[in-house]
>>> print(open('query_28.pdb').read())   # PDB, C-alpha atoms, pLDDT in the B column
ATOM      1  CA  MET U 151       6.624  -7.479 -10.642  1.00 92.00           C
ATOM      2  CA  LEU U 152       7.702  -9.360  -7.537  1.00 95.00           C
ATOM      3  CA  THR U 153      11.255  -8.859  -6.287  1.00 95.00           C
ATOM      4  CA  LEU U 154      12.790 -11.387  -3.901  1.00 96.00           C
ATOM      5  CA  PRO U 155      16.239 -11.599  -2.337  1.00 96.00           C
ATOM      6  CA  THR U 156      18.370 -14.510  -3.570  1.00 96.00           C
ATOM      7  CA  ASP U 157      18.551 -16.115  -0.121  1.00 97.00           C
ATOM      8  CA  VAL U 158      14.739 -16.160   0.091  1.00 97.00           C
ATOM      9  CA  VAL U 159      14.466 -17.936  -3.253  1.00 97.00           C
ATOM     10  CA  ASP U 160      17.206 -20.374  -2.226  1.00 96.00           C
ATOM     11  CA  THR U 161      15.296 -21.163   0.983  1.00 97.00           C
ATOM     12  CA  ILE U 162      11.973 -21.924  -0.701  1.00 98.00           C
ATOM     13  CA  VAL U 163      13.587 -23.961  -3.486  1.00 96.00           C
ATOM     14  CA  ARG U 164      15.472 -25.994  -0.857  1.00 96.00           C
ATOM     15  CA  HIS U 165      12.190 -26.485   1.059  1.00 97.00           C
ATOM     16  CA  ALA U 166      10.553 -27.792  -2.129  1.00 96.00           C
ATOM     17  CA  HIS U 167      13.353 -30.239  -2.873  1.00 94.00           C
ATOM     18  CA  ASP U 168      13.561 -31.411   0.757  1.00 96.00           C
ATOM     19  CA  ALA U 169       9.805 -32.160   0.791  1.00 96.00           C
ATOM     20  CA  HIS U 170       9.843 -33.987  -2.565  1.00 95.00           C
ATOM     21  CA  PRO U 171       8.018 -36.231  -3.476  1.00 96.00           C
ATOM     22  CA  LEU U 172       5.354 -34.428  -1.414  1.00 97.00           C
ATOM     23  CA  GLU U 173       4.301 -30.890  -2.232  1.00 97.00           C
ATOM     24  CA  CYS U 174       5.659 -28.256   0.123  1.00 98.00           C
ATOM     25  CA  CYS U 175       3.938 -25.017   1.080  1.00 98.00           C
ATOM     26  CA  GLY U 176       4.562 -21.835   2.993  1.00 98.00           C
ATOM     27  CA  ILE U 177       4.509 -18.070   2.861  1.00 98.00           C
ATOM     28  CA  ILE U 178       6.914 -15.208   2.463  1.00 98.00           C
ATOM     29  CA  ALA U 179       5.977 -12.417   4.835  1.00 97.00           C
ATOM     30  CA  GLY U 180       6.485  -8.755   4.194  1.00 95.00           C
ATOM     31  CA  THR U 181       5.384  -5.310   5.272  1.00 92.00           C
ATOM     32  CA  ALA U 182       3.240  -2.709   3.575  1.00 78.00           C
ATOM     33  CA  ASP U 183       6.184  -0.344   3.003  1.00 84.00           C
ATOM     34  CA  GLY U 184       6.920  -1.729  -0.465  1.00 80.00           C
ATOM     35  CA  SER U 185      10.214  -3.404   0.414  1.00 87.00           C
ATOM     36  CA  PRO U 186      10.718  -6.944  -0.904  1.00 90.00           C
ATOM     37  CA  PRO U 187       9.212  -9.607   1.358  1.00 94.00           C
ATOM     38  CA  SER U 188      12.012 -11.406   3.143  1.00 92.00           C
ATOM     39  CA  ARG U 189      10.766 -13.647   5.950  1.00 96.00           C
ATOM     40  CA  VAL U 190      10.173 -17.218   4.793  1.00 98.00           C
ATOM     41  CA  VAL U 191       7.691 -19.203   6.863  1.00 98.00           C
ATOM     42  CA  PRO U 192       7.698 -22.855   5.764  1.00 98.00           C
ATOM     43  CA  MET U 193       4.430 -24.551   6.687  1.00 98.00           C
ATOM     44  CA  ARG U 194       3.263 -28.137   6.955  1.00 96.00           C
ATOM     45  CA  ASN U 195       1.311 -29.568   4.042  1.00 97.00           C
ATOM     46  CA  ALA U 196      -1.635 -31.000   5.979  1.00 97.00           C
ATOM     47  CA  ALA U 197      -2.676 -32.944   2.874  1.00 94.00           C
ATOM     48  CA  GLN U 198       0.655 -34.831   2.815  1.00 95.00           C
ATOM     49  CA  SER U 199       0.069 -35.187  -0.921  1.00 94.00           C
ATOM     50  CA  GLN U 200       2.144 -35.398  -4.069  1.00 93.00           C
ATOM     51  CA  THR U 201      -0.555 -33.552  -6.024  1.00 93.00           C
ATOM     52  CA  PHE U 202      -1.885 -30.732  -3.848  1.00 92.00           C
ATOM     53  CA  PHE U 203      -1.228 -28.750  -0.695  1.00 95.00           C
ATOM     54  CA  GLN U 204      -3.298 -27.483   2.171  1.00 95.00           C
ATOM     55  CA  PHE U 205      -2.167 -25.372   5.099  1.00 96.00           C
ATOM     56  CA  ASP U 206      -2.770 -26.951   8.494  1.00 96.00           C
ATOM     57  CA  ALA U 207      -5.597 -24.843   9.972  1.00 96.00           C
ATOM     58  CA  ALA U 208      -4.132 -24.549  13.480  1.00 98.00           C
ATOM     59  CA  GLU U 209      -0.677 -23.695  12.148  1.00 98.00           C
ATOM     60  CA  GLN U 210      -2.153 -21.137   9.752  1.00 97.00           C
ATOM     61  CA  LEU U 211      -3.999 -19.443  12.611  1.00 98.00           C
ATOM     62  CA  ARG U 212      -0.752 -19.226  14.624  1.00 98.00           C
ATOM     63  CA  VAL U 213       1.189 -17.884  11.630  1.00 98.00           C
ATOM     64  CA  TRP U 214      -1.467 -15.287  10.748  1.00 97.00           C
ATOM     65  CA  ARG U 215      -1.581 -14.093  14.382  1.00 98.00           C
ATOM     66  CA  ASP U 216       2.210 -13.749  14.327  1.00 97.00           C
ATOM     67  CA  LEU U 217       1.958 -11.776  11.077  1.00 97.00           C
ATOM     68  CA  ASP U 218      -0.526  -9.408  12.719  1.00 96.00           C
ATOM     69  CA  ALA U 219       1.743  -8.971  15.748  1.00 96.00           C
ATOM     70  CA  ARG U 220       4.668  -8.092  13.469  1.00 95.00           C
ATOM     71  CA  ASP U 221       2.550  -5.818  11.236  1.00 95.00           C
ATOM     72  CA  GLU U 222       3.255  -8.128   8.287  1.00 96.00           C
ATOM     73  CA  ALA U 223       1.166  -9.811   5.626  1.00 95.00           C
ATOM     74  CA  PRO U 224       1.482 -13.006   3.590  1.00 96.00           C
ATOM     75  CA  VAL U 225       2.858 -11.276   0.492  1.00 97.00           C
ATOM     76  CA  VAL U 226       3.678 -14.602  -1.198  1.00 98.00           C
ATOM     77  CA  ILE U 227       2.033 -18.014  -0.939  1.00 98.00           C
ATOM     78  CA  TYR U 228       4.380 -20.673  -2.274  1.00 98.00           C
ATOM     79  CA  HIS U 229       4.118 -24.373  -2.976  1.00 98.00           C
ATOM     80  CA  SER U 230       5.731 -27.014  -5.135  1.00 98.00           C
ATOM     81  CA  HIS U 231       4.598 -29.218  -7.988  1.00 97.00           C
ATOM     82  CA  THR U 232       6.337 -32.576  -7.879  1.00 95.00           C
ATOM     83  CA  ALA U 233       5.344 -34.013 -11.251  1.00 93.00           C
ATOM     84  CA  SER U 234       4.093 -31.104 -13.322  1.00 94.00           C
ATOM     85  CA  ALA U 235       5.101 -27.686 -14.569  1.00 94.00           C
ATOM     86  CA  ALA U 236       5.155 -24.572 -12.383  1.00 96.00           C
ATOM     87  CA  ARG U 237       1.678 -23.498 -13.506  1.00 96.00           C
ATOM     88  CA  PRO U 238      -1.384 -23.241 -11.265  1.00 97.00           C
ATOM     89  CA  SER U 239      -3.788 -26.162 -11.349  1.00 96.00           C
ATOM     90  CA  ARG U 240      -7.551 -25.704 -11.047  1.00 95.00           C
ATOM     91  CA  THR U 241      -7.179 -26.630  -7.378  1.00 94.00           C
ATOM     92  CA  ASP U 242      -4.457 -23.981  -6.917  1.00 96.00           C
ATOM     93  CA  ILE U 243      -6.680 -21.361  -8.537  1.00 96.00           C
ATOM     94  CA  ALA U 244      -9.616 -22.261  -6.293  1.00 95.00           C
ATOM     95  CA  TYR U 245      -7.386 -22.188  -3.180  1.00 92.00           C
ATOM     96  CA  ALA U 246      -6.000 -18.774  -4.173  1.00 94.00           C
ATOM     97  CA  ALA U 247      -9.439 -17.202  -3.725  1.00 92.00           C
ATOM     98  CA  ALA U 248      -8.662 -17.050   0.006  1.00 92.00           C
ATOM     99  CA  HIS U 249      -5.522 -14.986  -0.720  1.00 91.00           C
ATOM    100  CA  PRO U 250      -6.380 -12.592  -3.577  1.00 90.00           C
ATOM    101  CA  ASP U 251      -3.746 -10.000  -2.622  1.00 92.00           C
ATOM    102  CA  ALA U 252      -0.849 -12.461  -2.488  1.00 96.00           C
ATOM    103  CA  TYR U 253       1.577 -13.475  -5.182  1.00 97.00           C
ATOM    104  CA  HIS U 254       1.615 -17.216  -5.797  1.00 98.00           C
ATOM    105  CA  LEU U 255       4.979 -18.871  -6.431  1.00 98.00           C
ATOM    106  CA  ILE U 256       5.150 -22.408  -7.757  1.00 98.00           C
ATOM    107  CA  ILE U 257       8.357 -24.429  -7.693  1.00 98.00           C
ATOM    108  CA  ALA U 258       8.566 -27.430 -10.059  1.00 96.00           C
ATOM    109  CA  THR U 259      10.785 -30.084  -8.478  1.00 95.00           C
ATOM    110  CA  ASP U 260      10.685 -32.465 -11.443  1.00 91.00           C
ATOM    111  CA  PRO U 261      13.730 -31.632 -13.615  1.00 85.00           C
ATOM    112  CA  ARG U 262      11.713 -32.251 -16.801  1.00 87.00           C
ATOM    113  CA  PHE U 263       9.942 -28.932 -16.314  1.00 85.00           C
ATOM    114  CA  GLU U 264      11.582 -25.569 -16.972  1.00 81.00           C
ATOM    115  CA  PRO U 265      11.489 -22.906 -15.720  1.00 77.00           C
ATOM    116  CA  THR U 266      11.382 -24.341 -12.242  1.00 91.00           C
ATOM    117  CA  LEU U 267      10.022 -21.234 -10.513  1.00 95.00           C
ATOM    118  CA  ARG U 268       7.127 -19.097 -11.719  1.00 97.00           C
ATOM    119  CA  CYS U 269       5.087 -16.314 -10.164  1.00 98.00           C
ATOM    120  CA  TYR U 270       1.375 -15.588 -10.589  1.00 98.00           C
ATOM    121  CA  LEU U 271      -1.312 -13.224  -9.441  1.00 97.00           C
ATOM    122  CA  ILE U 272      -4.587 -15.128  -9.160  1.00 97.00           C
ATOM    123  CA  VAL U 273      -7.667 -12.922  -9.002  1.00 95.00           C
ATOM    124  CA  ASN U 274     -11.292 -13.901  -9.591  1.00 94.00           C
ATOM    125  CA  GLY U 275     -10.251 -17.336 -10.829  1.00 95.00           C
ATOM    126  CA  ILE U 276      -7.795 -16.000 -13.412  1.00 96.00           C
ATOM    127  CA  ALA U 277      -4.072 -16.728 -13.090  1.00 97.00           C
ATOM    128  CA  THR U 278      -1.760 -14.172 -14.685  1.00 97.00           C
ATOM    129  CA  GLU U 279       1.962 -14.847 -14.786  1.00 98.00           C
ATOM    130  CA  THR U 280       3.934 -12.000 -13.242  1.00 97.00           C
ATOM    131  CA  PRO U 281       7.628 -11.176 -13.699  1.00 97.00           C
ATOM    132  CA  LEU U 282       9.877 -12.336 -10.875  1.00 96.00           C
ATOM    133  CA  LYS U 283      13.128 -10.508 -10.146  1.00 96.00           C
ATOM    134  CA  ILE U 284      15.618 -12.405  -8.008  1.00 96.00           C
ATOM    135  CA  GLY U 285      18.434 -10.654  -6.207  1.00 91.00           C
ATOM    136  CA  ALA U 286      17.273  -7.585  -4.349  1.00 60.00           C
TER     137      ALA U 286
END
>>> encode(input="query_28.pdb", output="structure tokens")
Amino acid sequence: MLTLPTDVVDTIVRHAHDAHPLECCGIIAGTADGSPPSRVVPMRNAAQSQTFFQFDAAEQLRVWRDLDARDEAPVVIYHSHTASAARPSRTDIAYAAAHPDAYHLIIATDPRFEPTLRCYLIVNGIATETPLKIGA
């Protein structure tokens, strides 16, 4: 189960809606002490696409170096889906191979799809939905 503070969820949902109709992306950083991750790091979608996201390589390098300096890790990788449900696509699953220890949060910004926020662990090409507790 992933637990996130309400303000963190509010921040990433706002990021998703602000970026719409493009997909947004970013991370939620945390430490290894087991406390809920709480530092949201919105990132630029280098793909500038309505159907997929890609971290900008130079920005990702800067962010990962900052994580190392703070003794943090990318506990959550998040992105939005602008015209589909909050379920990982084949592209999302392939991209997740680079981050097997992270939770993957997907925010659906199209109001036709409920729930709008879902959490997954994606390991060895298999996406498993994981409970998400909001309000730590």
>>> residues_near_point(input="query_28.pdb", point="(12.6, -10.5, -7.3)", cutoff="6 Å", atoms="all atoms listed in the file", output="ChimeraX atom specification")
/U:152-154,282-285
>>> write_last_selection(input="query_28.pdb", atoms="C-alpha atoms", output="JSON list (two decimals), in the frame of the given file")
[["chain", "number", "residue", "atom", "x", "y", "z"],
["U", 152, "LEU", "CA", 7.70, -9.36, -7.54],
["U", 153, "THR", "CA", 11.26, -8.86, -6.29],
["U", 154, "LEU", "CA", 12.79, -11.39, -3.90],
["U", 282, "LEU", "CA", 9.88, -12.34, -10.88],
["U", 283, "LYS", "CA", 13.13, -10.51, -10.15],
["U", 284, "ILE", "CA", 15.62, -12.40, -8.01],
["U", 285, "GLY", "CA", 18.43, -10.65, -6.21]]
>>> residues_around(input="query_28.pdb", residues="U:Leu271", least_positions_apart="4", cutoff="9 Å", atoms="all atoms listed in the file", output="tab-separated table (two decimals) with C-alpha atoms, in the coordinates of the input")
chain	number	residue	atom	x	y	z
U	246	ALA	CA	-6.00	-18.77	-4.17
U	250	PRO	CA	-6.38	-12.59	-3.58
U	251	ASP	CA	-3.75	-10.00	-2.62
U	252	ALA	CA	-0.85	-12.46	-2.49
U	253	TYR	CA	1.58	-13.48	-5.18
U	254	HIS	CA	1.62	-17.22	-5.80
U	255	LEU	CA	4.98	-18.87	-6.43
U	276	ILE	CA	-7.80	-16.00	-13.41
U	277	ALA	CA	-4.07	-16.73	-13.09
U	278	THR	CA	-1.76	-14.17	-14.68
U	279	GLU	CA	1.96	-14.85	-14.79
U	280	THR	CA	3.93	-12.00	-13.24
>>> closest_residue(input="query_28.pdb", among="U:His249, U:His170, U:Arg262, U:Arg237", to="U:Asn195", atoms="only C-alpha atoms")
U:His170
>>> closest_residue(input="query_28.pdb", among="U:Glu264, U:Ala233, U:Glu222, U:Ile243", to="U:Pro187", atoms="only C-alpha atoms")
U:Glu222
>>> residues_around(input="query_28.pdb", residues="U:Val159", least_positions_apart="4", cutoff="10 Å", atoms="all atoms listed in the file", output="list in words")
Leu154, Pro155, Val163, Arg164, His165, Ile178, Ser188, Val190, Ile257, Leu267, Ile284 and Gly285 of chain U
>>> write_last_selection(input="query_28.pdb", atoms="C-alpha atoms", output="compact mmCIF listing (two decimals), in the coordinates of the input")
# COMPACT_ATOMS: atom_id res chain seq x y z
CA LEU U 154 12.79 -11.39 -3.90
CA PRO U 155 16.24 -11.60 -2.34
CA VAL U 163 13.59 -23.96 -3.49
CA ARG U 164 15.47 -25.99 -0.86
CA HIS U 165 12.19 -26.48 1.06
CA ILE U 178 6.91 -15.21 2.46
CA SER U 188 12.01 -11.41 3.14
CA VAL U 190 10.17 -17.22 4.79
CA ILE U 257 8.36 -24.43 -7.69
CA LEU U 267 10.02 -21.23 -10.51
CA ILE U 284 15.62 -12.40 -8.01
CA GLY U 285 18.43 -10.65 -6.21
>>> residues_around(input="query_28.pdb", residues="U:Ala244", least_positions_apart="6", cutoff="10 Å", atoms="all atoms listed in the file", output="PyMOL selection string")
chain U and resi 238+272-276
>>> atom_distance(input="query_28.pdb", atom1="atom CA of U:Asp206", atom2="atom CA of U:Arg194")
6.3 Å
>>> resolve_selection(input="query_28.pdb", expression="the PyMOL selection byres ((chain U and resi 227) around 6)", output="PyMOL selection string")
chain U and resi 177+226+228+254
>>> closest_residue(input="query_28.pdb", among="U:Pro261, U:Arg268, U:Phe203, U:Gln210", to="U:Thr241", atoms="only C-alpha atoms")
U:Phe203
>>> atom_distance(input="query_28.pdb", atom1="atom CA of U:Thr232", atom2="atom CA of U:Thr201")
7.2 Å
>>> closest_residue(input="query_28.pdb", among="U:Cys269, U:Arg189, U:Asp168, U:Gly184", to="U:Asp216", atoms="only C-alpha atoms")
U:Arg189
>>> closest_residue(input="query_28.pdb", among="U:Ala207, U:Ala219, U:Cys174, U:Ile256", to="U:Ala236", atoms="only C-alpha atoms")
U:Ile256
>>> axis_aligned_box(input="query_28.pdb", around="stretch 272-276 of chain U", padding_each_side="6 Å", output="lines of an AutoDock Vina configuration file")
center_x = -7.9
center_y = -15.1
center_z = -11.2
size_x = 18.7
size_y = 16.4
size_z = 16.4
>>> decode(input="query_28.pdb", residues="stretch 213-275 of chain U", atoms="C-alpha atoms", output="tab-separated table (two decimals), in the first residue's frame")
chain	number	residue	atom	x	y	z
U	213	VAL	CA	16.78	15.58	-10.47
U	214	TRP	CA	18.42	12.20	-9.78
U	215	ARG	CA	21.64	13.95	-8.64
U	216	ASP	CA	19.56	16.12	-6.31
U	217	LEU	CA	17.85	12.99	-4.96
U	218	ASP	CA	21.25	11.45	-4.23
U	219	ALA	CA	22.42	14.62	-2.47
U	220	ARG	CA	19.31	14.59	-0.27
U	221	ASP	CA	19.51	10.82	0.37
U	222	GLU	CA	16.14	10.38	-1.35
U	223	ALA	CA	14.76	8.12	-4.04
U	224	PRO	CA	12.02	8.42	-6.65
U	225	VAL	CA	9.42	6.51	-4.63
U	226	VAL	CA	6.62	7.41	-7.06
U	227	ILE	CA	6.67	8.07	-10.80
U	228	TYR	CA	3.49	9.85	-11.83
U	229	HIS	CA	1.93	10.87	-15.12
U	230	SER	CA	-1.46	11.66	-16.57
U	231	HIS	CA	-3.69	10.09	-19.19
U	232	THR	CA	-5.65	12.74	-21.06
U	233	ALA	CA	-8.11	10.58	-22.98
U	234	SER	CA	-8.07	7.18	-21.33
U	235	ALA	CA	-8.51	5.49	-17.99
U	236	ALA	CA	-5.89	5.55	-15.23
U	237	ARG	CA	-4.45	2.18	-16.27
U	238	PRO	CA	-0.93	1.60	-17.59
U	239	SER	CA	-0.56	1.35	-21.35
U	240	ARG	CA	1.94	-1.01	-22.99
U	241	THR	CA	4.24	2.00	-23.37
U	242	ASP	CA	3.89	2.82	-19.64
U	243	ILE	CA	4.74	-0.77	-18.74
U	244	ALA	CA	7.82	-0.76	-20.96
U	245	TYR	CA	8.96	2.61	-19.53
U	246	ALA	CA	8.50	1.31	-15.96
U	247	ALA	CA	11.28	-1.24	-16.48
U	248	ALA	CA	13.73	1.58	-15.74
U	249	HIS	CA	12.06	2.16	-12.34
U	250	PRO	CA	11.12	-1.28	-10.95
U	251	ASP	CA	11.18	-0.17	-7.30
U	252	ALA	CA	8.87	2.81	-7.79
U	253	TYR	CA	5.12	3.03	-7.47
U	254	HIS	CA	3.45	4.32	-10.62
U	255	LEU	CA	0.55	6.74	-10.22
U	256	ILE	CA	-1.68	7.56	-13.17
U	257	ILE	CA	-4.07	10.50	-13.12
U	258	ALA	CA	-6.94	10.44	-15.65
U	259	THR	CA	-7.83	14.02	-16.59
U	260	ASP	CA	-10.78	13.10	-18.80
U	261	PRO	CA	-13.90	13.23	-16.57
U	262	ARG	CA	-15.38	10.19	-18.35
U	263	PHE	CA	-12.97	7.93	-16.50
U	264	GLU	CA	-13.33	7.04	-12.83
U	265	PRO	CA	-11.49	6.60	-10.58
U	266	THR	CA	-9.22	9.41	-11.65
U	267	LEU	CA	-6.16	8.30	-9.69
U	268	ARG	CA	-4.77	4.77	-9.53
U	269	CYS	CA	-1.55	3.27	-8.22
U	270	TYR	CA	0.44	0.36	-9.64
U	271	LEU	CA	3.58	-1.62	-9.05
U	272	ILE	CA	5.05	-2.64	-12.41
U	273	VAL	CA	7.60	-5.43	-12.22
U	274	ASN	CA	8.89	-7.63	-15.04
U	275	GLY	CA	6.27	-6.26	-17.42
